[in-house]
$ cat input17.txt   # compact mmCIF, C-alpha atoms
# COMPACT_ATOMS: atom_id res chain seq x y z
CA MET F 1 82.37 113.31 116.33
CA ALA F 2 84.62 113.10 113.30
CA ILE F 3 88.22 114.32 113.15
CA LEU F 4 90.29 115.43 110.19
CA HIS F 5 93.99 114.64 110.63
CA MET F 6 96.24 116.83 108.50
CA ILE F 7 99.05 114.32 107.89
CA GLY F 8 100.65 116.11 104.94
CA SER F 9 99.72 119.68 103.94
CA GLY F 10 102.50 120.53 101.51
CA THR F 11 103.49 120.37 97.87
CA PRO F 12 106.19 118.66 95.74
CA THR F 13 108.67 121.16 97.20
CA PRO F 14 109.92 119.94 100.60
CA THR F 15 110.22 122.41 103.45
CA ALA F 16 111.04 121.92 107.11
CA GLU F 17 107.36 122.33 107.99
CA ARG F 18 105.50 120.43 105.24
CA PHE F 19 105.90 118.05 102.30
CA GLY F 20 103.28 116.34 100.16
CA THR F 21 99.62 115.59 100.71
CA CYS F 22 97.89 113.12 103.01
CA PHE F 23 94.80 113.26 105.22
CA VAL F 24 93.07 110.83 107.54
CA LEU F 25 89.35 111.20 108.14
CA GLU F 26 88.40 109.57 111.45
CA ILE F 27 84.71 108.70 111.64
CA GLU F 28 83.98 107.11 115.03
CA ASN F 29 86.12 103.93 114.99
CA GLU F 30 86.95 103.99 111.26
CA ARG F 31 89.95 105.75 109.73
CA VAL F 32 90.09 106.61 106.06
CA MET F 33 93.23 107.88 104.32
CA ILE F 34 93.11 110.31 101.41
CA ASP F 35 96.35 110.34 99.39
CA CYS F 36 99.68 109.06 100.63
CA GLY F 37 102.40 111.61 99.94
CA PRO F 38 106.03 111.67 101.11
CA ALA F 39 106.65 110.37 104.66
CA ALA F 40 102.92 109.78 105.20
CA THR F 41 103.48 106.55 107.17
CA HIS F 42 105.93 108.19 109.56
CA LYS F 43 103.74 111.27 110.01
CA LEU F 44 100.71 109.00 110.52
CA VAL F 45 102.43 107.48 113.54
CA LYS F 46 103.50 110.91 114.80
CA ALA F 47 99.80 111.81 114.70
CA GLY F 48 99.05 108.93 117.08
CA LEU F 49 97.64 106.60 114.42
CA TRP F 50 98.90 103.23 113.17
CA PRO F 51 99.07 101.75 109.65
CA THR F 52 96.91 98.72 110.44
CA GLN F 53 94.13 101.05 111.63
CA ILE F 54 93.71 102.31 108.07
CA GLN F 55 91.28 100.13 106.13
CA HIS F 56 90.56 102.46 103.19
CA LEU F 57 92.83 104.60 101.00
CA PHE F 58 91.53 107.00 98.35
CA PHE F 59 93.87 108.51 95.76
CA THR F 60 92.95 111.78 94.09
CA HIS F 61 95.69 111.41 91.45
CA HIS F 62 99.17 109.99 91.01
CA HIS F 63 101.58 112.88 91.26
CA PHE F 64 104.44 111.83 93.56
CA ASP F 65 103.53 114.34 96.25
CA HIS F 66 100.27 112.39 96.59
CA ASN F 67 101.53 108.80 96.31
CA ALA F 68 105.28 108.63 97.04
CA ASP F 69 104.78 106.87 100.38
CA TYR F 70 102.34 104.32 98.96
CA PRO F 71 104.93 101.50 98.80
CA CYS F 72 106.09 102.25 102.34
CA PHE F 73 102.52 102.33 103.65
CA LEU F 74 101.53 99.13 101.81
CA LEU F 75 104.52 97.17 103.08
CA CYS F 76 104.45 98.60 106.60
CA ARG F 77 100.74 97.92 107.01
CA TRP F 78 101.21 94.36 105.73
CA ASP F 79 104.39 93.71 107.74
CA GLN F 80 102.89 94.99 111.00
CA SER F 81 99.75 92.91 110.62
CA SER F 82 99.07 89.43 111.96
CA GLY F 83 97.40 88.44 108.70
CA LYS F 84 93.97 88.57 110.31
CA GLU F 85 93.22 92.16 109.32
CA PRO F 86 91.05 92.70 106.23
CA PRO F 87 92.94 93.62 103.06
CA LEU F 88 93.49 97.31 102.44
CA LYS F 89 90.82 98.71 100.12
CA VAL F 90 92.20 101.23 97.65
CA TRP F 91 90.31 103.51 95.27
CA GLY F 92 91.60 105.96 92.70
CA PRO F 93 91.58 106.94 89.06
CA PRO F 94 93.65 104.93 86.57
CA PRO F 95 96.49 103.92 86.75
CA THR F 96 95.98 102.93 90.42
CA LYS F 97 96.00 99.20 89.59
CA LEU F 98 99.11 99.43 87.44
CA VAL F 99 100.98 101.47 90.07
CA THR F 100 100.13 98.90 92.75
CA GLU F 101 101.11 95.94 90.57
CA ARG F 102 104.45 97.54 89.75
CA LEU F 103 105.12 97.95 93.47
CA ILE F 104 104.05 94.66 95.08
CA GLY F 105 103.04 92.36 92.21
CA GLU F 106 104.95 89.23 91.23
CA GLU F 107 107.23 91.40 89.10
CA GLY F 108 106.97 94.51 91.23
CA ALA F 109 109.81 96.59 92.65
CA TYR F 110 109.29 95.25 96.20
CA VAL F 111 108.67 91.57 95.42
CA PHE F 112 112.12 90.64 96.76
CA ASP F 113 111.38 92.36 100.05
CA TRP F 114 108.03 90.74 100.75
CA LYS F 115 109.06 87.28 99.53
CA ALA F 116 112.02 87.34 101.91
CA ARG F 117 109.69 88.24 104.77
CA VAL F 118 107.26 85.49 103.77
CA ASN F 119 109.93 82.77 103.54
CA HIS F 120 112.82 83.47 105.91
CA PRO F 121 112.50 81.56 109.23
CA ALA F 122 113.29 84.65 111.33
CA SER F 123 110.65 86.70 109.54
CA GLN F 124 108.18 83.86 109.95
CA ARG F 125 108.90 83.79 113.69
CA ILE F 126 108.32 87.57 113.95
CA HIS F 127 105.02 87.09 112.12
CA GLN F 128 104.02 84.32 114.55
CA ASN F 129 105.01 86.48 117.53
CA ARG F 130 102.52 89.07 116.29
CA GLY F 131 99.79 86.45 116.36
CA GLY F 132 100.05 85.34 112.74
CA ILE F 133 99.99 81.77 111.48
CA LEU F 134 102.02 80.05 108.78
CA PRO F 135 102.22 79.98 105.86
CA ARG F 136 102.49 83.74 105.92
CA PRO F 137 100.40 85.36 103.17
CA GLY F 138 101.93 87.97 100.90
CA PRO F 139 100.53 91.50 100.69
CA LYS F 140 97.02 91.73 99.27
CA VAL F 141 95.17 94.88 98.23
CA ASP F 142 91.61 95.28 96.96
CA ILE F 143 91.73 97.94 94.25
CA THR F 144 88.90 99.72 92.48
CA GLU F 145 89.60 102.24 89.74
CA ILE F 146 86.99 104.99 89.57
CA GLY F 147 85.68 107.99 87.72
CA ALA F 148 82.71 110.21 88.55
CA GLY F 149 79.87 108.78 90.62
CA PRO F 150 79.23 106.84 93.85
CA VAL F 151 82.38 105.13 95.08
CA PHE F 152 81.66 103.28 98.33
CA LYS F 153 79.07 103.07 101.08
CA ALA F 154 79.98 101.87 104.57
CA GLU F 155 77.62 101.54 107.52
CA LYS F 156 78.31 105.04 108.84
CA TRP F 157 79.70 106.92 105.84
CA SER F 158 79.67 107.08 102.08
CA VAL F 159 81.82 108.67 99.39
CA ARG F 160 81.37 109.78 95.83
CA ALA F 161 83.77 111.27 93.31
CA GLU F 162 83.83 113.82 90.53
CA VAL F 163 86.44 114.31 87.84
CA VAL F 164 88.34 117.58 88.38
CA ARG F 165 90.80 119.50 86.23
CA HIS F 166 94.52 119.43 86.96
CA VAL F 167 97.06 118.11 84.41
CA GLU F 168 94.93 116.14 81.98
CA PRO F 169 95.41 114.21 79.71
CA TRP F 170 98.66 113.02 81.33
CA LEU F 171 97.07 112.25 84.70
CA ASN F 172 93.47 111.64 85.75
CA SER F 173 92.31 113.52 88.86
CA VAL F 174 89.23 113.20 91.05
CA GLY F 175 87.87 114.94 94.11
CA TYR F 176 85.91 113.16 96.86
CA ARG F 177 82.86 114.00 98.94
CA PHE F 178 82.41 112.09 102.21
CA GLU F 179 79.00 112.02 103.88
CA PHE F 180 78.56 110.95 107.51
CA GLY F 181 76.27 111.79 110.41
CA GLY F 182 74.46 114.49 108.44
CA LYS F 183 77.72 116.23 107.50
CA SER F 184 79.76 116.40 104.31
CA VAL F 185 83.46 117.01 103.69
CA VAL F 186 84.91 117.62 100.23
CA PHE F 187 88.54 116.96 99.30
CA THR F 188 89.00 118.81 96.04
CA SER F 189 92.40 117.41 95.00
CA ASP F 190 94.73 119.76 93.12
CA THR F 191 92.37 121.52 90.76
CA VAL F 192 91.25 124.75 89.21
CA ALA F 193 87.60 125.79 89.09
CA CYS F 194 85.60 123.36 86.96
CA SER F 195 82.08 121.95 86.62
CA GLY F 196 83.00 118.71 88.42
CA LEU F 197 84.20 120.63 91.44
CA THR F 198 81.04 122.74 91.48
CA ARG F 199 78.86 119.62 91.51
CA LEU F 200 81.00 117.94 94.15
CA ALA F 201 81.06 120.80 96.64
CA ALA F 202 77.46 122.05 96.34
CA GLY F 203 75.90 122.33 99.79
CA CYS F 204 78.83 120.73 101.66
CA ASP F 205 79.86 121.65 105.20
CA VAL F 206 83.67 121.60 104.84
CA VAL F 207 85.94 122.15 101.84
CA VAL F 208 89.56 120.94 101.99
CA THR F 209 91.31 122.47 99.02
CA ASN F 210 94.65 123.40 97.54
CA CYS F 211 96.02 126.94 97.79
CA TRP F 212 99.30 127.18 95.93
CA GLY F 213 99.68 130.92 96.46
CA SER F 214 98.35 134.40 95.91
CA GLN F 215 95.98 134.36 92.94
CA ALA F 216 97.34 137.59 91.47
CA GLU F 217 100.91 136.32 91.56
CA MET F 218 99.90 132.95 90.11
CA ILE F 219 98.18 134.67 87.19
CA LYS F 220 101.37 136.64 86.50
CA THR F 221 103.55 133.51 86.54
CA GLY F 222 101.09 131.29 84.67
CA GLU F 223 100.87 128.87 87.58
CA ASP F 224 97.10 129.27 87.77
CA GLN F 225 96.58 126.98 84.76
CA CYS F 226 96.41 123.73 86.71
CA ILE F 227 96.10 124.49 90.41
CA GLY F 228 94.09 126.81 92.65
CA GLY F 229 95.15 129.85 94.64
CA THR F 230 93.66 132.11 97.28
CA LEU F 231 90.66 133.34 95.28
CA ASP F 232 89.91 129.90 93.86
CA ALA F 233 89.81 128.47 97.38
CA ALA F 234 87.48 131.21 98.59
CA LYS F 235 85.26 130.85 95.53
CA VAL F 236 84.67 127.12 95.84
CA ALA F 237 83.82 127.40 99.54
CA ARG F 238 81.59 130.44 99.01
CA GLU F 239 79.68 128.95 96.09
CA ALA F 240 79.23 125.68 97.99
CA GLY F 241 77.80 127.52 101.00
CA ALA F 242 80.36 125.73 103.19
CA LYS F 243 80.78 126.53 106.87
CA MET F 244 84.52 125.80 106.93
CA LEU F 245 87.38 126.08 104.45
CA VAL F 246 90.61 124.20 105.14
CA ILE F 247 93.61 125.38 103.11
CA THR F 248 96.21 122.77 102.18
CA HIS F 249 98.83 122.03 99.50
CA THR F 250 100.19 125.49 100.35
CA GLY F 251 103.25 126.66 98.46
CA ALA F 252 106.37 127.96 100.19
CA LYS F 253 105.62 131.59 99.27
CA VAL F 254 102.21 131.61 100.88
CA CYS F 255 103.52 129.88 104.05
CA ARG F 256 105.86 132.67 105.09
CA GLU F 257 104.30 134.40 108.09
CA GLU F 258 103.63 137.76 106.45
CA ASP F 259 102.39 136.16 103.23
CA LYS F 260 100.18 133.79 105.24
CA LYS F 261 98.48 136.78 106.88
CA ASP F 262 97.91 138.39 103.48
CA ALA F 263 96.52 135.14 102.04
CA MET F 264 94.15 134.62 104.95
CA ALA F 265 92.98 138.23 104.69
CA GLU F 266 92.32 137.88 100.96
CA ILE F 267 90.38 134.66 101.48
CA GLY F 268 88.46 136.26 104.35
CA ARG F 269 87.36 139.11 102.12
CA ASN F 270 85.84 136.59 99.71
CA PHE F 271 84.48 133.89 102.05
CA SER F 272 82.60 134.61 105.26
CA GLY F 273 82.91 131.17 106.88
CA LYS F 274 85.65 129.77 109.10
CA VAL F 275 89.06 129.46 107.41
CA VAL F 276 91.76 127.10 108.70
CA PHE F 277 95.31 127.27 107.36
CA GLY F 278 96.26 123.59 107.44
CA GLU F 279 99.43 122.62 109.29
CA GLU F 280 100.87 119.12 109.42
CA LEU F 281 99.73 117.00 112.40
CA MET F 282 96.85 119.41 113.03
CA LYS F 283 93.60 117.78 114.19
CA ILE F 284 90.36 119.46 113.16
CA ALA F 285 87.06 118.54 114.80
CA LEU F 286 84.29 118.30 112.23
$ encode --input "input17.txt" --output "structure tokens"
Amino acid sequence: MAILHMIGSGTPTPTAERFGTCFVLEIENERVMIDCGPAATHKLVKAGLWPTQIQHLFFTHHHFDHNADYPCFLLCRWDQSSGKEPPLKVWGPPPTKLVTERLIGEEGAYVFDWKARVNHPASQRIHQNRGGILPRPGPKVDITEIGAGPVFKAEKWSVRAEVVRHVEPWLNSVGYRFEFGGKSVVFTSDTVACSGLTRLAAGCDVVVTNCWGSQAEMIKTGEDQCIGGTLDAAKVAREAGAKMLVITHTGAKVCREEDKKDAMAEIGRNFSGKVVFGEELMKIAL
């Protein structure tokens, strides 16, 4: 059985209940992270997971609500390791390599942190106490920048990507489709309806997609130009023939209890499958 961990189900606007985007897809004994928004590392641990258990990280795009905790996760995963774990594998659209280099490269923002931990005797002792050996290696990440097409194939799962439409040309965005055990889960990223999304979701079992707010209100405010709402979410799941729709990246207005009921009712009128309103730390059996 696979499990979807809703680590972060919010937006760039922090609330007491949610902030930023992050998911972990647990497929048997493998754990795959999708995006790494604010406080993702801390919420990962609250969910009963641990940074060194994550071997793969997939970025949909590089808005801060999807990558702000990347430096924390990189350094925490490296610092908590014994040095025997395989390097973290990271995929994403450009500029994933540049972002990573500017964080932990030889001239990156955190080079002073990790070099102190590599060289100070006390830090070396802590590393040895965890089972590591000296000299302590610095952080290492295997990065692959991607566009549309097959991304990676593991023994028990595979993933491919499609380019989706969000805030181009300033940022590149992709959605992902994971296939495992005869099932498929699509993470749409923050997107409006587009041909890439149609291709990605066709025939999938589960759609995990953004729902900023009520479609009618978004049209009035002009916020429907780069991100989906209630009717967009229902449409992508309906056209895909999905069995389950998971709503995430929900704006503050749609999360108020009365508005949530209205949003779920509107989606239900336009999609006949199961609808889950994603809450942080929720676990969904797939």
$ residues_around --input "input17.txt" --residues "Thr21 of chain F" --least-positions-apart "2" --cutoff "8 Å" --atoms "only C-alpha atoms" --output "PDB file with C-alpha atoms, in the frame of the given file"
ATOM      1  CA  ILE F   7      99.050 114.320 107.890  1.00  0.00           C
ATOM      2  CA  GLY F   8     100.650 116.110 104.940  1.00  0.00           C
ATOM      3  CA  SER F   9      99.720 119.680 103.940  1.00  0.00           C
ATOM      4  CA  GLY F  10     102.500 120.530 101.510  1.00  0.00           C
ATOM      5  CA  THR F  11     103.490 120.370  97.870  1.00  0.00           C
ATOM      6  CA  PHE F  19     105.900 118.050 102.300  1.00  0.00           C
ATOM      7  CA  PHE F  23      94.800 113.260 105.220  1.00  0.00           C
ATOM      8  CA  ASP F  35      96.350 110.340  99.390  1.00  0.00           C
ATOM      9  CA  CYS F  36      99.680 109.060 100.630  1.00  0.00           C
ATOM     10  CA  GLY F  37     102.400 111.610  99.940  1.00  0.00           C
ATOM     11  CA  PRO F  38     106.030 111.670 101.110  1.00  0.00           C
ATOM     12  CA  ASP F  65     103.530 114.340  96.250  1.00  0.00           C
ATOM     13  CA  HIS F  66     100.270 112.390  96.590  1.00  0.00           C
ATOM     14  CA  HIS F 249      98.830 122.030  99.500  1.00  0.00           C
TER      15      HIS F 249
END
$ closest_residue --input "input17.txt" --among "F:Val111, F:Leu231, F:Val90, F:Ile27" --to "Ser158 of chain F" --atoms "all atoms listed in the file"
F:Ile27
$ closest_atom_pairs --input "input17.txt" --of "segment 156-237 of chain F" --to "segment 40-58 of chain F" --cutoff "10 Å" --atoms "all atoms listed in the file" --output "CSV"
residue,atom,partner,partner_atom,distance
F:Val159,CA,F:Phe58,CA,9.9
F:Val174,CA,F:Phe58,CA,9.8
F:Gly175,CA,F:Phe58,CA,9.7
F:Tyr176,CA,F:Phe58,CA,8.5
$ residues_around --input "input17.txt" --residues "segment 98-109 of chain F" --least-positions-apart "2" --cutoff "9 Å" --atoms "all atoms listed in the file" --output "ChimeraX atom specification"
/F:62,70-71,74-75,94-96,111-114,139-141,143
$ closest_residue --input "input17.txt" --among "F:Phe64, F:Tyr110, F:Phe180, F:Phe277" --to "Cys211 of chain F" --atoms "all atoms listed in the file"
F:Phe277
$ residues_around --input "input17.txt" --residues "Ala242 of chain F" --least-positions-apart "3" --cutoff "6 Å" --atoms "only C-alpha atoms" --output "list in words"
Cys204, Asp205, Val206 and Ala237 of chain F
$ residues_around --input "input17.txt" --residues "Phe152 of chain F" --least-positions-apart "3" --cutoff "10 Å" --atoms "only C-alpha atoms" --output "PDB file with C-alpha atoms, keeping the file's coordinate frame"
ATOM      1  CA  TRP F  91      90.310 103.510  95.270  1.00  0.00           C
ATOM      2  CA  THR F 144      88.900  99.720  92.480  1.00  0.00           C
ATOM      3  CA  GLY F 149      79.870 108.780  90.620  1.00  0.00           C
ATOM      4  CA  TRP F 157      79.700 106.920 105.840  1.00  0.00           C
ATOM      5  CA  SER F 158      79.670 107.080 102.080  1.00  0.00           C
ATOM      6  CA  VAL F 159      81.820 108.670  99.390  1.00  0.00           C
ATOM      7  CA  ARG F 160      81.370 109.780  95.830  1.00  0.00           C
ATOM      8  CA  ALA F 161      83.770 111.270  93.310  1.00  0.00           C
ATOM      9  CA  PHE F 178      82.410 112.090 102.210  1.00  0.00           C
TER      10      PHE F 178
END
$ atom_distance --input "input17.txt" --atom1 "atom CA of Thr188 of chain F" --atom2 "atom CA of His5 of chain F"
16.0 Å
$ build_atoms --input "input17.txt" --residues "segment 119-153 of chain F" --atoms "N, CA and C atoms" --output "short mmCIF file (atom, residue, chain, number, x, y, z; two decimals), keeping the file's coordinate frame"
data_model
loop_
_atom_site.label_atom_id
_atom_site.label_comp_id
_atom_site.auth_asym_id
_atom_site.auth_seq_id
_atom_site.Cartn_x
_atom_site.Cartn_y
_atom_site.Cartn_z
N ASN F 119 109.25 84.07 103.54
CA ASN F 119 109.93 82.77 103.54
C ASN F 119 111.05 82.59 104.55
N HIS F 120 111.69 83.67 105.00
CA HIS F 120 112.82 83.47 105.91
C HIS F 120 112.31 83.05 107.30
N PRO F 121 112.96 82.05 107.92
CA PRO F 121 112.50 81.56 109.23
C PRO F 121 112.39 82.65 110.30
N ALA F 122 113.35 83.59 110.32
CA ALA F 122 113.29 84.65 111.33
C ALA F 122 112.08 85.55 111.10
N SER F 123 111.82 85.88 109.84
CA SER F 123 110.65 86.70 109.54
C SER F 123 109.36 85.96 109.85
N GLN F 124 109.36 84.66 109.62
CA GLN F 124 108.18 83.86 109.95
C GLN F 124 107.94 83.86 111.45
N ARG F 125 109.03 83.78 112.23
CA ARG F 125 108.90 83.79 113.69
C ARG F 125 108.34 85.14 114.16
N ILE F 126 108.83 86.24 113.59
CA ILE F 126 108.32 87.57 113.95
C ILE F 126 106.83 87.65 113.65
N HIS F 127 106.44 87.11 112.50
CA HIS F 127 105.02 87.09 112.12
C HIS F 127 104.21 86.28 113.14
N GLN F 128 104.72 85.14 113.56
CA GLN F 128 104.02 84.32 114.55
C GLN F 128 103.94 85.04 115.89
N ASN F 129 105.00 85.74 116.27
CA ASN F 129 105.01 86.48 117.53
C ASN F 129 103.97 87.59 117.55
N ARG F 130 103.57 88.06 116.38
CA ARG F 130 102.52 89.07 116.29
C ARG F 130 101.13 88.45 116.30
N GLY F 131 101.08 87.13 116.35
CA GLY F 131 99.79 86.45 116.36
C GLY F 131 99.42 85.83 115.04
N GLY F 132 100.33 85.91 114.05
CA GLY F 132 100.05 85.34 112.74
C GLY F 132 100.29 83.85 112.71
N ILE F 133 99.77 83.20 111.67
CA ILE F 133 99.99 81.77 111.48
C ILE F 133 100.65 81.54 110.13
N LEU F 134 101.33 80.41 110.02
CA LEU F 134 102.02 80.05 108.78
C LEU F 134 101.14 79.13 107.94
N PRO F 135 101.29 79.15 106.62
CA PRO F 135 102.22 79.98 105.86
C PRO F 135 101.78 81.44 105.86
N ARG F 136 102.79 82.31 105.89
CA ARG F 136 102.49 83.74 105.92
C ARG F 136 102.03 84.21 104.54
N PRO F 137 100.87 84.87 104.48
CA PRO F 137 100.40 85.36 103.17
C PRO F 137 101.18 86.59 102.73
N GLY F 138 101.33 86.76 101.43
CA GLY F 138 101.93 87.97 100.90
C GLY F 138 100.96 89.12 100.97
N PRO F 139 101.40 90.33 100.63
CA PRO F 139 100.53 91.50 100.69
C PRO F 139 99.39 91.40 99.69
N LYS F 140 98.21 91.78 100.12
CA LYS F 140 97.02 91.73 99.27
C LYS F 140 96.27 93.05 99.40
N VAL F 141 95.88 93.60 98.27
CA VAL F 141 95.17 94.88 98.23
C VAL F 141 93.96 94.74 97.32
N ASP F 142 92.81 95.23 97.79
CA ASP F 142 91.61 95.28 96.96
C ASP F 142 91.54 96.65 96.29
N ILE F 143 91.63 96.68 94.97
CA ILE F 143 91.73 97.94 94.25
C ILE F 143 90.52 98.14 93.35
N THR F 144 89.99 99.35 93.37
CA THR F 144 88.90 99.72 92.48
C THR F 144 89.26 101.03 91.80
N GLU F 145 89.35 101.00 90.48
CA GLU F 145 89.60 102.24 89.74
C GLU F 145 88.26 102.93 89.46
N ILE F 146 88.25 104.25 89.59
CA ILE F 146 86.99 104.99 89.57
C ILE F 146 87.05 106.19 88.65
N GLY F 147 85.86 106.70 88.35
CA GLY F 147 85.68 107.99 87.72
C GLY F 147 84.64 108.74 88.53
N ALA F 148 83.77 109.47 87.85
CA ALA F 148 82.71 110.21 88.55
C ALA F 148 81.59 109.27 88.99
N GLY F 149 81.01 109.55 90.16
CA GLY F 149 79.87 108.78 90.62
C GLY F 149 80.07 108.23 92.02
N PRO F 150 79.08 107.47 92.54
CA PRO F 150 79.23 106.84 93.85
C PRO F 150 80.43 105.91 93.87
N VAL F 151 81.17 105.93 94.96
CA VAL F 151 82.38 105.13 95.08
C VAL F 151 82.21 103.99 96.07
N PHE F 152 81.74 104.30 97.28
CA PHE F 152 81.66 103.28 98.33
C PHE F 152 80.68 103.74 99.39
N LYS F 153 79.99 102.77 99.98
CA LYS F 153 79.07 103.07 101.08
C LYS F 153 79.34 102.11 102.22
#
